[in-house]
$ cat protein-v7.txt   # compact mmCIF, N, CA and C atoms
# COMPACT_ATOMS: atom_id res chain seq x y z
N MET S 1 152.16 173.66 -76.78
CA MET S 1 151.12 173.04 -76.01
C MET S 1 151.64 172.60 -74.64
N ASP S 2 152.88 172.19 -74.59
CA ASP S 2 153.45 171.77 -73.31
C ASP S 2 153.50 172.92 -72.31
N ARG S 3 153.78 174.11 -72.82
CA ARG S 3 153.84 175.27 -71.94
C ARG S 3 152.47 175.57 -71.33
N ALA S 4 151.44 175.42 -72.13
CA ALA S 4 150.07 175.64 -71.64
C ALA S 4 149.73 174.63 -70.56
N GLU S 5 150.13 173.38 -70.76
CA GLU S 5 149.88 172.35 -69.75
C GLU S 5 150.60 172.67 -68.45
N GLU S 6 151.83 173.14 -68.55
CA GLU S 6 152.58 173.50 -67.35
C GLU S 6 151.92 174.66 -66.60
N MET S 7 151.47 175.66 -67.34
CA MET S 7 150.82 176.82 -66.72
C MET S 7 149.51 176.41 -66.03
N ARG S 8 148.80 175.48 -66.63
CA ARG S 8 147.50 175.06 -66.10
C ARG S 8 147.63 174.39 -64.74
N LYS S 9 148.78 173.83 -64.47
CA LYS S 9 148.99 173.11 -63.21
C LYS S 9 149.54 173.98 -62.09
N THR S 10 149.76 175.26 -62.33
CA THR S 10 150.29 176.14 -61.30
C THR S 10 149.18 176.59 -60.35
N ALA S 11 149.58 177.02 -59.16
CA ALA S 11 148.61 177.47 -58.15
C ALA S 11 147.89 178.73 -58.62
N GLN S 12 148.61 179.61 -59.30
CA GLN S 12 148.00 180.85 -59.79
C GLN S 12 146.88 180.55 -60.78
N TRP S 13 147.11 179.62 -61.70
CA TRP S 13 146.10 179.26 -62.69
C TRP S 13 144.89 178.63 -62.03
N LYS S 14 145.13 177.74 -61.07
CA LYS S 14 144.03 177.09 -60.38
C LYS S 14 143.15 178.10 -59.66
N SER S 15 143.79 179.10 -59.05
CA SER S 15 143.03 180.15 -58.37
C SER S 15 142.20 180.95 -59.37
N HIS S 16 142.82 181.28 -60.50
CA HIS S 16 142.14 182.05 -61.54
C HIS S 16 140.95 181.25 -62.09
N TYR S 17 141.15 179.97 -62.33
CA TYR S 17 140.08 179.14 -62.89
C TYR S 17 138.93 178.99 -61.91
N LYS S 18 139.25 178.91 -60.63
CA LYS S 18 138.19 178.81 -59.62
C LYS S 18 137.31 180.06 -59.66
N ASN S 19 137.92 181.23 -59.78
CA ASN S 19 137.16 182.48 -59.86
C ASN S 19 136.32 182.52 -61.14
N ARG S 20 136.87 182.03 -62.23
CA ARG S 20 136.14 182.02 -63.49
C ARG S 20 134.90 181.13 -63.36
N LYS S 21 135.07 179.98 -62.74
CA LYS S 21 133.96 179.05 -62.59
C LYS S 21 132.83 179.68 -61.78
N GLU S 22 133.18 180.50 -60.81
CA GLU S 22 132.17 181.10 -59.94
C GLU S 22 131.52 182.33 -60.54
N THR S 23 132.17 182.97 -61.49
CA THR S 23 131.62 184.21 -62.04
C THR S 23 131.14 184.04 -63.47
N ILE S 24 132.04 183.79 -64.40
CA ILE S 24 131.69 183.76 -65.82
C ILE S 24 130.78 182.59 -66.16
N GLU S 25 131.15 181.40 -65.72
CA GLU S 25 130.35 180.23 -66.06
C GLU S 25 128.94 180.33 -65.47
N LYS S 26 128.82 180.95 -64.33
CA LYS S 26 127.51 181.13 -63.70
C LYS S 26 126.62 182.03 -64.56
N VAL S 27 127.20 183.06 -65.14
CA VAL S 27 126.45 183.98 -65.99
C VAL S 27 125.93 183.24 -67.23
N PHE S 28 126.77 182.42 -67.85
CA PHE S 28 126.33 181.66 -69.02
C PHE S 28 125.20 180.71 -68.65
N ALA S 29 125.34 180.03 -67.53
CA ALA S 29 124.30 179.08 -67.11
C ALA S 29 122.97 179.80 -66.84
N GLU S 30 123.04 180.95 -66.20
CA GLU S 30 121.81 181.70 -65.93
C GLU S 30 121.16 182.17 -67.22
N ASN S 31 121.96 182.65 -68.16
CA ASN S 31 121.40 183.10 -69.44
C ASN S 31 120.75 181.97 -70.20
N LYS S 32 121.38 180.80 -70.21
CA LYS S 32 120.77 179.65 -70.87
C LYS S 32 119.42 179.32 -70.23
N GLU S 33 119.36 179.39 -68.93
CA GLU S 33 118.12 179.06 -68.23
C GLU S 33 117.04 180.10 -68.49
N TYR S 34 117.38 181.38 -68.41
CA TYR S 34 116.39 182.45 -68.57
C TYR S 34 115.85 182.55 -70.00
N HIS S 35 116.67 182.16 -71.00
CA HIS S 35 116.26 182.30 -72.39
C HIS S 35 115.87 180.96 -73.02
N ASN S 36 115.61 179.97 -72.17
CA ASN S 36 115.17 178.65 -72.62
C ASN S 36 116.12 178.03 -73.64
N LEU S 37 117.42 178.17 -73.41
CA LEU S 37 118.41 177.59 -74.31
C LEU S 37 119.03 176.32 -73.74
N ARG S 38 118.53 175.86 -72.64
CA ARG S 38 119.10 174.67 -72.02
C ARG S 38 118.71 173.40 -72.79
N TYR S 39 117.54 173.38 -73.37
CA TYR S 39 117.06 172.21 -74.09
C TYR S 39 116.54 172.63 -75.46
N THR S 40 116.55 171.70 -76.39
CA THR S 40 115.96 171.96 -77.70
C THR S 40 114.63 171.23 -77.79
N ARG S 41 113.80 171.67 -78.70
CA ARG S 41 112.49 171.03 -78.87
C ARG S 41 112.54 169.93 -79.92
N VAL S 42 113.66 169.83 -80.64
CA VAL S 42 113.81 168.81 -81.68
C VAL S 42 115.04 167.97 -81.37
N ARG S 43 115.16 166.84 -82.05
CA ARG S 43 116.31 165.96 -81.86
C ARG S 43 117.05 165.81 -83.17
N GLY S 44 118.36 165.76 -83.08
CA GLY S 44 119.19 165.53 -84.26
C GLY S 44 119.76 166.83 -84.81
N LEU S 45 120.99 166.74 -85.32
CA LEU S 45 121.66 167.94 -85.84
C LEU S 45 120.94 168.54 -87.04
N GLU S 46 120.42 167.70 -87.92
CA GLU S 46 119.75 168.21 -89.11
C GLU S 46 118.55 169.06 -88.73
N LYS S 47 117.75 168.60 -87.78
CA LYS S 47 116.56 169.35 -87.38
C LYS S 47 116.94 170.63 -86.64
N ILE S 48 117.98 170.56 -85.80
CA ILE S 48 118.41 171.76 -85.08
C ILE S 48 118.93 172.80 -86.06
N ASN S 49 119.76 172.38 -87.01
CA ASN S 49 120.30 173.32 -88.00
C ASN S 49 119.21 173.87 -88.90
N SER S 50 118.17 173.13 -89.18
CA SER S 50 117.10 173.64 -90.05
C SER S 50 116.27 174.69 -89.33
N ARG S 51 116.20 174.64 -88.00
CA ARG S 51 115.41 175.61 -87.26
C ARG S 51 116.14 176.93 -87.09
N ARG S 52 117.44 176.97 -87.30
CA ARG S 52 118.21 178.21 -87.14
C ARG S 52 117.86 179.23 -88.19
N ARG S 53 117.48 178.79 -89.34
CA ARG S 53 117.28 179.71 -90.48
C ARG S 53 116.00 180.43 -90.40
$ encode --input "protein-v7.txt" --output "structure tokens"
Amino acid sequence: MDRAEEMRKTAQWKSHYKNRKETIEKVFAENKEYHNLRYTRVRGLEKINSRRR
């Protein structure tokens, strides 16, 4: 785990993460918005899990 923390703080990783934020995360956000997955119509884990089936 320490090695992962060290890598995360390098300039190369920061550059890579910035690109990911602008490309991949944007695609997920758009898909959630287009397919009405941003909000649920019910509240509570039990109700959400019961609607999946």
$ select_by_dssp --input "protein-v7.txt" --residues "chain S" --states "helix (DSSP H, G or I)" --output "number ranges by chain"
S: 2-8, 11-34, 45-52
$ atom_distance --input "protein-v7.txt" --atom1 "atom CA of S:Glu25" --atom2 "atom CA of S:Arg43"
25.5 Å
$ atom_distance --input "protein-v7.txt" --atom1 "atom CA of S:Met1" --atom2 "atom CA of S:Trp13"
15.5 Å
